[in-house]
Each structure stands twice: as C-alpha cells, then as structure tokens.
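A quick write-up on the structure given underneath.
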Amino acid sequence: MKAIIAKQPGGAEQLQITERPSPIPNGKELLIKVEAVGVNRLDVIKRESNTDHLEQPILGVEVAGVVEKSNPNSNIDKGTRVMGLVSGGAYAEYALIPSDRAMVIPDNLSYEQAAAIPEVFLTAYQTLFWLGNLQEDETVLIHAGGSGVGTAAIQLAKQLKGANVIITAGTTEKLNTAKTLGASYCINYKEQAFDQEVLQATDDRGVDLILDFIGASYWEKNLASLSVDGRWVLIGTLGGSTVEQVSLTELMTKRIQLTGTLLTPRNDQYKAKLATEFIAETSKLFKNNQLKPVIDRVFNFDQMSQAHEYMEENKNIGKIIVKL
Ligand SMILES: NC(=O)c1ccc[n+]([C@@H]2O[C@H](COP(=O)([O-])OP(=O)(O)OC[C@H]3O[C@@H](n4cnc5c(N)ncnc54)[C@H](OP(=O)(O)O)[C@@H]3O)[C@@H](O)[C@H]2O)c1
C-alpha cells in the first residue's frame, strides 16, 4: 500500500510517499480502507522528531474510511463507514483501529468531514467536560479560537452546555468564524490585551475555565483572566513551555486548578471510553447540523508536504484534511 513517512527528521520536504505492507489486524482491531485523514500539530512534531519517526514511521493519528475487515468481537461490520483515532499509521491506504474506539460516521457527513472530527472534537470534549468540568451557563475562555481544537471547543461549549464563550485569535477572519460558531466575545490578541478584555466582558469577575493551547507567553494574562476557583486546562505550548519567574501566590489566592493533558499517550481504555461517550452525546447534533466539522482546506495525498507547510504558517481556520 501507499504510505507517507518522513525520510529524515526535519521539515515538510522530508515527507514522501513510499510502499509499505498493509497492516494486519489482531482480534481486537478493524482494518480500515482510509478515505481521508486529518493533519495535526502532533504530526508536525513527529515529523521533526529524532526518535518517534523510527518507532512508528507512518505518520498520522486520525482517519475516516470504510471497514475492510472486522473481527468476531466487534459489532461494526465490514463496509461500515467509521472515523477515529489510530495509534499512528493514518497517512496510508490502510490503517488499523481498535474496534472499541471506532466511531460510526453520521450519515450526513462525508469522509472529509468525518476526518475533521476525531482529534479536535475528542480533545475539546475531554478538556471542556472531563477535565475542565464546564457547567451550564459558565464562562469559558478558548484560546486559538480559529484552530481545529478551538473551533470544535466553541461549538461543544455552546451546544452542550449553553456556556458563554470568549475566544482569542490573531486575525479578523478567525474572529468572525468563531462568532458564527457561537462565541459571544472575540478578542484579537495581536491588537488587544486579552486579560483586560476578558475582565471587561465579565464585569471584572474573570472566566470559570480556560482552554490554553499557548502556555508560557500567556501565563500572566491567563492568571489575570481567571475567576476565583477558576480551572485552567493546559493543552498545548504554542507560545513556549518555560515560564520565567513564576509567582505561585496568585494561583493560591485565587484557588486556581491548573491541569495539563495530552490525549495521544492516554491508554486504549481511556480513548475507547471517550469515543463512546462523545458519539453518544453528539451524533444527533452532527446529524441536525448543530455541530459541524470546520474544514479549511482539503489537499490530495501527494500534497502532504504543502498541507504541513500550510499548518505551520498558522493559516488554517479549522481543520486541514488530506483525501486519498
Ligand atoms: N493536549 C492534547 O491532547 C492536544 C490534542 C490536540 C491538539 N493539541 C494542541 O492544541 C493546539 C491546537 O491544535 P490544532 O490542531 O487545533 O492547531 P491549528 O489548527 O494548527 O491552530 C493553531 C493556531 O494557534 C495560533 N497560534 C500559534 N502560535 C501561537 C502563539 N504563539 N500565540 C498565540 N496563538 C498562536 C494560530 O492562530 P492565530 O492566527 O490565532 O495566531 C494557529 O493557527 C496545538 O498546540 C496542538 O498541539 C493538544
């Protein structure tokens, strides 16, 4: 089968299509004929990594496709359209997924749309509700509001909890998209001090929850933006991972709960439980278009390098998809 690997750790030019044997499913996996894959920041990190690309040479963590081979323990039959997170190996004509983690694609969605769901919607669902404990009518600050995870999180916070959503993003286009998805207050972090804007929008109270993809460069402003007893879920470090001169006093006085997480290293049971709960809570909302996968661009399989470069230029609003 055709598959994409990084020849050497490095830039997008290192990506190449190569021939690999098709994977063979064990008794708990489904073999999927891949129709579309999502591009993720993690793929970029793995492409650059000296060690990861040797462990799992075929890149990619999410797929949408059709079941080519099922197993006797699964209630998902051959021919079913499925989407989900895979443990590497998505950038290929065939991929394996543990059957209890595969999600049946709602009928109204194409493969490209389905490939835009697993990584960003599951991350957003897990961080908003399992880790962030977002409650009805609370206020959440979602950074990178035009990102894949950001566009998913805005919709989930709004549609599942009726939350008040404040976002930050770096372009007017991204702010406008966030507004159409349900954000009520949108801040251009390049032009405005977001902490001051957040305090103004919340009558100086601050927000109940922050989804933070940025990390170090937002540390001070995040502290200032949180309410007393606020929760802060760290999901990414796009703005750096080392904070100089941390004062812990404000964390204590505001009784802030700070949690970090990475979805990919979580174990199989966790991912299966997350996928099962997510699809139970959301498939109706995808069917009636209350939730929508947000796709910026669809590239062809032989354009994977361009797809990676596009992500690294921070141009995308929502997901970058590659179709096979
Ligand atoms: N922890 C987990 O389990 C998990 C899972 C999935 C993703 N993630 C992380 O979540 C983040 C978002 O992923 P994604 O795929 O949704 O990303 P994406 O679609 O590529 O969007 C990222 C956006 O973040 C903004 N950004 C980049 N650098 C920034 C900086 N220094 N300061 C402020 N904003 C910056 C840019 O938009 P602007 O134009 O607004 O600047 C960029 O387009 C990534 O860090 C990713 O690694 C974590």
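Letters A, B, ... go to the chains of the structure tokens in the order shown; residues in each chain start at 1; ligands are counted from 1 in the same order.
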
Point to revise | Surrounding residues of Gly162 (chain A) excluding itself and chain neighbours under 5 positions, 9 Å, only C-alpha atoms, as a list in words | key: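 The filter keeps Gln135, Glu136, Asp137, Glu138, Leu156 and Ala157 of chain A.
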
Review point. Given a cut-off of 8 Å, what residues near ligand 1 show up using only C-alpha atoms and all ligand atoms, put as an MDAnalysis selection string?
Key: chainID A and resid 39:42 119:120 123 143:151 168:171 174 188:189 213:214 217:218 234:240 260:264 311:320

Study note, to complete from the structure: Min atom-atom distance to Asp229 (chain A) from the set A:Lys271, A:Lys179, A:Arg20, A:Arg205, counting only C-alpha atoms, belongs to A:Arg205

Point to revise | Residues within 10 Å of Lys33 (chain A), only C-alpha atoms, excluding chain neighbours under 2 positions, as JSON, numbers by chain | key: {"A": [30, 31, 35, 36, 63, 64, 65, 66, 67, 68, 69, 79, 81, 82, 92, 93, 94, 95, 96, 324]}

Taking all heavy atoms for each residue, export the selection above as a tab-separated table (two decimals), in the first residue's frame.
```tsv
chain	number	residue	atom	x	y	z
A	30	LEU	N	-9.93	-3.25	13.77
A	30	LEU	CA	-10.57	-3.20	12.46
A	30	LEU	C	-9.52	-2.75	11.45
A	30	LEU	O	-8.71	-1.87	11.76
A	30	LEU	CB	-11.70	-2.18	12.44
A	30	LEU	CG	-12.80	-2.28	13.49
A	30	LEU	CD1	-13.71	-1.07	13.41
A	30	LEU	CD2	-13.59	-3.57	13.30
A	31	LEU	N	-9.57	-3.33	10.25
A	31	LEU	CA	-8.74	-2.82	9.16
A	31	LEU	C	-9.60	-1.84	8.37
A	31	LEU	O	-10.71	-2.17	7.94
A	31	LEU	CB	-8.28	-3.97	8.26
A	31	LEU	CG	-7.46	-3.55	7.04
A	31	LEU	CD1	-6.09	-2.99	7.47
A	31	LEU	CD2	-7.26	-4.72	6.07
A	35	GLU	N	-10.06	6.79	3.59
A	35	GLU	CA	-10.55	7.71	2.55
A	35	GLU	C	-10.07	9.14	2.79
A	35	GLU	O	-9.89	9.90	1.85
A	35	GLU	CB	-12.10	7.71	2.53
A	35	GLU	CG	-12.72	6.36	2.23
A	35	GLU	CD	-12.58	5.95	0.78
A	35	GLU	OE1	-12.22	6.79	-0.06
A	35	GLU	OE2	-12.81	4.75	0.48
A	36	ALA	N	-9.87	9.51	4.05
A	36	ALA	CA	-9.41	10.88	4.36
A	36	ALA	C	-8.72	10.86	5.72
A	36	ALA	O	-9.06	10.05	6.59
A	36	ALA	CB	-10.59	11.85	4.39
A	63	VAL	N	-8.29	9.05	11.19
A	63	VAL	CA	-8.74	8.61	9.87
A	63	VAL	C	-10.26	8.61	9.77
A	63	VAL	O	-10.97	8.57	10.77
A	63	VAL	CB	-8.28	7.15	9.57
A	63	VAL	CG1	-6.78	7.03	9.53
A	63	VAL	CG2	-8.87	6.17	10.56
A	64	ALA	N	-10.71	8.65	8.51
A	64	ALA	CA	-12.09	8.28	8.20
A	64	ALA	C	-12.02	7.35	7.01
A	64	ALA	O	-11.21	7.56	6.10
A	64	ALA	CB	-12.90	9.52	7.85
A	65	GLY	N	-12.83	6.30	7.04
A	65	GLY	CA	-12.77	5.34	5.94
A	65	GLY	C	-13.83	4.27	6.10
A	65	GLY	O	-14.79	4.44	6.87
A	66	VAL	N	-13.64	3.18	5.39
A	66	VAL	CA	-14.64	2.11	5.40
A	66	VAL	C	-13.98	0.83	5.93
A	66	VAL	O	-12.81	0.56	5.61
A	66	VAL	CB	-15.26	1.94	3.99
A	66	VAL	CG1	-14.22	1.58	2.96
A	66	VAL	CG2	-16.39	0.96	4.00
A	67	VAL	N	-14.73	0.10	6.75
A	67	VAL	CA	-14.16	-1.12	7.34
A	67	VAL	C	-13.96	-2.16	6.24
A	67	VAL	O	-14.90	-2.56	5.55
A	67	VAL	CB	-15.07	-1.67	8.46
A	67	VAL	CG1	-14.52	-3.00	8.99
A	67	VAL	CG2	-15.19	-0.66	9.58
A	68	GLU	N	-12.73	-2.60	6.10
A	68	GLU	CA	-12.36	-3.60	5.09
A	68	GLU	C	-12.41	-4.99	5.73
A	68	GLU	O	-12.81	-5.95	5.11
A	68	GLU	CB	-10.94	-3.29	4.60
A	68	GLU	CG	-10.37	-4.23	3.59
A	68	GLU	CD	-10.83	-3.90	2.18
A	68	GLU	OE1	-11.48	-2.85	1.99
A	68	GLU	OE2	-10.54	-4.71	1.28
A	69	LYS	N	-12.00	-5.04	7.01
A	69	LYS	CA	-12.03	-6.34	7.71
A	69	LYS	C	-12.42	-6.09	9.17
A	69	LYS	O	-11.79	-5.27	9.85
A	69	LYS	CB	-10.63	-6.96	7.65
A	69	LYS	CG	-10.60	-8.36	8.12
A	69	LYS	CD	-9.32	-9.06	7.72
A	69	LYS	CE	-9.40	-10.50	8.15
A	69	LYS	NZ	-8.20	-11.05	8.64
A	79	GLY	N	-17.67	-2.87	5.66
A	79	GLY	CA	-18.47	-1.95	4.83
A	79	GLY	C	-18.99	-0.73	5.59
A	79	GLY	O	-19.48	0.21	4.99
A	81	ARG	N	-18.97	2.77	7.49
A	81	ARG	CA	-18.13	3.98	7.44
A	81	ARG	C	-17.77	4.37	8.87
A	81	ARG	O	-18.64	4.59	9.71
A	81	ARG	CB	-18.90	5.13	6.79
A	81	ARG	CG	-19.21	4.87	5.32
A	81	ARG	CD	-20.09	5.94	4.67
A	81	ARG	NE	-20.66	6.92	5.53
A	81	ARG	CZ	-20.47	8.26	5.42
A	81	ARG	NH1	-19.71	8.74	4.47
A	81	ARG	NH2	-21.06	9.09	6.24
A	82	VAL	N	-16.48	4.47	9.16
A	82	VAL	CA	-16.04	4.79	10.52
A	82	VAL	C	-14.98	5.90	10.51
A	82	VAL	O	-14.32	6.15	9.51
A	82	VAL	CB	-15.45	3.56	11.27
A	82	VAL	CG1	-16.51	2.52	11.54
A	82	VAL	CG2	-14.27	2.97	10.50
A	92	ALA	N	-1.95	6.56	5.17
A	92	ALA	CA	-1.74	5.34	4.37
A	92	ALA	C	-3.06	4.88	3.77
A	92	ALA	O	-4.13	5.34	4.19
A	92	ALA	CB	-1.18	4.24	5.27
A	93	GLU	N	-2.97	3.98	2.80
A	93	GLU	CA	-4.21	3.49	2.18
A	93	GLU	C	-5.01	2.60	3.12
A	93	GLU	O	-6.23	2.52	3.01
A	93	GLU	CB	-3.85	2.72	0.91
A	93	GLU	CG	-3.38	3.65	-0.20
A	93	GLU	CD	-2.99	2.91	-1.45
A	93	GLU	OE1	-2.06	2.08	-1.38
A	93	GLU	OE2	-3.61	3.16	-2.51
A	94	TYR	N	-4.31	1.94	4.06
A	94	TYR	CA	-5.00	1.10	5.05
A	94	TYR	C	-4.43	1.40	6.44
A	94	TYR	O	-3.23	1.67	6.58
A	94	TYR	CB	-4.82	-0.40	4.74
A	94	TYR	CG	-5.52	-0.79	3.47
A	94	TYR	CD1	-4.84	-0.75	2.25
A	94	TYR	CD2	-6.85	-1.16	3.48
A	94	TYR	CE1	-5.49	-1.07	1.07
A	94	TYR	CE2	-7.51	-1.50	2.30
A	94	TYR	CZ	-6.82	-1.44	1.10
A	94	TYR	OH	-7.48	-1.75	-0.06
A	95	ALA	N	-5.30	1.36	7.46
A	95	ALA	CA	-4.85	1.62	8.83
A	95	ALA	C	-5.64	0.73	9.78
A	95	ALA	O	-6.73	0.24	9.44
A	95	ALA	CB	-5.06	3.09	9.19
A	96	LEU	N	-5.07	0.54	10.97
A	96	LEU	CA	-5.74	-0.28	12.00
A	96	LEU	C	-6.31	0.63	13.08
A	96	LEU	O	-5.67	1.62	13.47
A	96	LEU	CB	-4.75	-1.22	12.66
A	96	LEU	CG	-4.06	-2.23	11.77
A	96	LEU	CD1	-3.04	-3.05	12.58
A	96	LEU	CD2	-5.10	-3.17	11.14
A	324	LEU	N	-7.60	10.59	0.16
A	324	LEU	CA	-6.85	9.57	-0.59
A	324	LEU	C	-7.52	9.30	-1.92
A	324	LEU	O	-8.70	9.54	-2.07
A	324	LEU	CB	-6.73	8.30	0.26
A	324	LEU	CG	-5.55	8.39	1.24
A	324	LEU	CD1	-5.97	9.06	2.52
A	324	LEU	CD2	-4.95	7.03	1.49
```

Practice item. Could you give me the residues within region 123-197 of chain A that DSSP places in alpha helix (DSSP H), as a count of residues only? Key: 31

Practice item. Compile the contact shell of Ile97 (chain A) as a PyMOL selection string: residues with an atom at most 6 Å away, counting only C-alpha atoms, same-chain residues fewer than 2 positions apart removed. Key: chain A and resi 29-30+86+99

Practice item. May I have the residues within 12 Å of Gly132 (chain A) as a ChimeraX atom specification, using only C-alpha atoms and disregarding those fewer than 4 positions away in the same chain? Key: /A:123-128,138-142,153,157,208-212,229-235,256-261

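Nearest-residue note for Ala152 (chain A): choosing from A:Gly206, A:Gly182, A:Gly88, A:Pro293, the minimum distance belongs to A:Pro293, counting only C-alpha atoms.
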
DSSP on the backbone, strand (DSSP E or B) only: what residues of region 274-303 of chain A does that give? Format it as a PDB file with C-alpha atoms, in the first residue's frame.
```pdb
ATOM      1  CA  ILE A 295     -12.622  22.409   7.314  1.00  0.00           C
ATOM      2  CA  ASP A 296     -10.239  24.977   5.921  1.00  0.00           C
ATOM      3  CA  ARG A 297      -8.731  23.064   3.010  1.00  0.00           C
ATOM      4  CA  VAL A 298      -8.626  19.598   1.520  1.00  0.00           C
ATOM      5  CA  PHE A 299      -5.320  18.530  -0.050  1.00  0.00           C
ATOM      6  CA  ASN A 300      -4.575  15.454  -2.179  1.00  0.00           C
TER       7      ASN A 300
END
```

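Using only C-alpha atoms, the protein and nucleic acid residues lying no more than 12 Å from Leu248 (chain A), apart from those fewer than 2 places from it along its own chain, are Trp219, Glu220, Leu223, Val243, Gln245, Val246, Glu250, Leu251, Met252, Thr253, Lys254, Arg255, Ile256, Gln257 and Leu258 of chain A.
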
Restrict the selected residues to N, CA, C and O atoms and save them as a short mmCIF file (atom, residue, chain, number, x, y, z; two decimals), in the first residue's frame.
```cif
data_model
loop_
_atom_site.label_atom_id
_atom_site.label_comp_id
_atom_site.auth_asym_id
_atom_site.auth_seq_id
_atom_site.Cartn_x
_atom_site.Cartn_y
_atom_site.Cartn_z
N TRP A 219 1.02 33.08 30.28
CA TRP A 219 0.93 32.73 31.70
C TRP A 219 0.30 33.85 32.54
O TRP A 219 -0.72 33.66 33.20
N GLU A 220 0.91 35.04 32.48
CA GLU A 220 0.45 36.15 33.32
C GLU A 220 -0.99 36.55 32.99
O GLU A 220 -1.82 36.74 33.88
N LEU A 223 -3.53 34.04 34.23
CA LEU A 223 -3.77 34.19 35.67
C LEU A 223 -4.73 35.33 35.94
O LEU A 223 -5.66 35.22 36.74
N VAL A 243 8.22 29.04 31.69
CA VAL A 243 7.77 30.32 32.25
C VAL A 243 8.86 30.83 33.19
O VAL A 243 9.23 30.13 34.14
N GLN A 245 10.32 33.17 36.12
CA GLN A 245 9.86 33.91 37.29
C GLN A 245 8.38 33.70 37.60
O GLN A 245 7.57 34.61 37.53
N VAL A 246 8.03 32.48 37.89
CA VAL A 246 6.64 32.18 38.26
C VAL A 246 6.38 32.59 39.70
O VAL A 246 7.14 32.23 40.59
N GLU A 250 -0.54 34.02 43.28
CA GLU A 250 -1.86 34.26 42.70
C GLU A 250 -2.62 32.96 42.46
O GLU A 250 -3.84 32.90 42.61
N LEU A 251 -1.88 31.89 42.12
CA LEU A 251 -2.53 30.58 41.99
C LEU A 251 -3.22 30.20 43.30
O LEU A 251 -4.35 29.71 43.31
N MET A 252 -2.50 30.45 44.40
CA MET A 252 -3.06 30.10 45.72
C MET A 252 -4.23 31.00 46.10
O MET A 252 -5.28 30.53 46.50
N THR A 253 -4.00 32.31 45.96
CA THR A 253 -5.04 33.23 46.46
C THR A 253 -6.33 33.11 45.65
O THR A 253 -7.41 33.26 46.19
N LYS A 254 -6.18 32.79 44.37
CA LYS A 254 -7.40 32.62 43.57
C LYS A 254 -7.93 31.18 43.60
O LYS A 254 -8.91 30.86 42.95
N ARG A 255 -7.21 30.29 44.29
CA ARG A 255 -7.58 28.86 44.37
C ARG A 255 -7.77 28.27 42.97
O ARG A 255 -8.77 27.62 42.67
N ILE A 256 -6.77 28.53 42.10
CA ILE A 256 -6.86 28.08 40.71
C ILE A 256 -6.43 26.62 40.58
O ILE A 256 -5.47 26.19 41.20
N GLN A 257 -7.18 25.86 39.78
CA GLN A 257 -6.79 24.47 39.50
C GLN A 257 -6.19 24.41 38.09
O GLN A 257 -6.89 24.68 37.12
N LEU A 258 -4.91 24.08 38.02
CA LEU A 258 -4.20 24.00 36.73
C LEU A 258 -3.92 22.54 36.41
O LEU A 258 -3.34 21.82 37.21
#
```

Can you pull out every residue within 9 Å of Phe194 (chain A), counting only C-alpha atoms, but drop anything in the same chain fewer than 3 positions away, and send it as a PDB file with N, CA and C atoms, in the first residue's frame?
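Output below, filename result_28.pdb:
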```pdb
ATOM      1  N   THR A 168      -9.844  34.043  21.879  1.00  0.00           N
ATOM      2  CA  THR A 168      -8.799  34.895  21.314  1.00  0.00           C
ATOM      3  C   THR A 168      -8.364  34.275  19.987  1.00  0.00           C
ATOM      4  N   ILE A 187     -11.628  38.299  20.835  1.00  0.00           N
ATOM      5  CA  ILE A 187     -10.530  39.237  21.098  1.00  0.00           C
ATOM      6  C   ILE A 187      -9.369  38.956  20.149  1.00  0.00           C
ATOM      7  N   ASN A 188      -8.910  40.006  19.456  1.00  0.00           N
ATOM      8  CA  ASN A 188      -7.701  39.859  18.638  1.00  0.00           C
ATOM      9  C   ASN A 188      -6.497  40.080  19.550  1.00  0.00           C
ATOM     10  N   TYR A 189      -5.814  38.962  19.888  1.00  0.00           N
ATOM     11  CA  TYR A 189      -4.730  39.067  20.879  1.00  0.00           C
ATOM     12  C   TYR A 189      -3.540  39.859  20.344  1.00  0.00           C
ATOM     13  N   LYS A 190      -3.500  40.081  19.023  1.00  0.00           N
ATOM     14  CA  LYS A 190      -2.380  40.863  18.470  1.00  0.00           C
ATOM     15  C   LYS A 190      -2.619  42.364  18.626  1.00  0.00           C
ATOM     16  N   GLU A 191      -3.877  42.731  18.813  1.00  0.00           N
ATOM     17  CA  GLU A 191      -4.207  44.155  18.912  1.00  0.00           C
ATOM     18  C   GLU A 191      -4.694  44.568  20.289  1.00  0.00           C
ATOM     19  N   GLU A 197      -9.561  42.700  28.270  1.00  0.00           N
ATOM     20  CA  GLU A 197     -10.827  42.490  27.558  1.00  0.00           C
ATOM     21  C   GLU A 197     -11.710  41.467  28.283  1.00  0.00           C
ATOM     22  N   VAL A 198     -11.064  40.405  28.781  1.00  0.00           N
ATOM     23  CA  VAL A 198     -11.824  39.365  29.488  1.00  0.00           C
ATOM     24  C   VAL A 198     -12.463  39.955  30.746  1.00  0.00           C
ATOM     25  N   LEU A 199     -11.708  40.751  31.483  1.00  0.00           N
ATOM     26  CA  LEU A 199     -12.257  41.334  32.708  1.00  0.00           C
ATOM     27  C   LEU A 199     -13.407  42.281  32.383  1.00  0.00           C
ATOM     28  N   LYS A 221      -1.244  36.646  31.703  1.00  0.00           N
ATOM     29  CA  LYS A 221      -2.584  37.115  31.290  1.00  0.00           C
ATOM     30  C   LYS A 221      -3.644  36.055  31.609  1.00  0.00           C
ATOM     31  N   ASN A 222      -3.279  34.783  31.537  1.00  0.00           N
ATOM     32  CA  ASN A 222      -4.237  33.746  31.929  1.00  0.00           C
ATOM     33  C   ASN A 222      -4.576  33.842  33.419  1.00  0.00           C
ATOM     34  N   SER A 225      -6.933  36.509  33.959  1.00  0.00           N
ATOM     35  CA  SER A 225      -8.251  36.323  33.336  1.00  0.00           C
ATOM     36  C   SER A 225      -9.156  35.358  34.103  1.00  0.00           C
TER      37      SER A 225
END
```

Point to revise | Between CA of Gln269 (chain A) and CA of Asn71 (chain A) - distance in Å to one decimal | key: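 We find that CA of Asn71 (chain A) and CA of Gln269 (chain A) lie 18.2 Å from each other.
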
Practice item. Quote the spacing between CA of Asp195 (chain A) and CA of Leu122 (chain A) in Å to one decimal place. Key: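 Pair CA of Asp195 (chain A) / CA of Leu122 (chain A) returns 27.4 Å.
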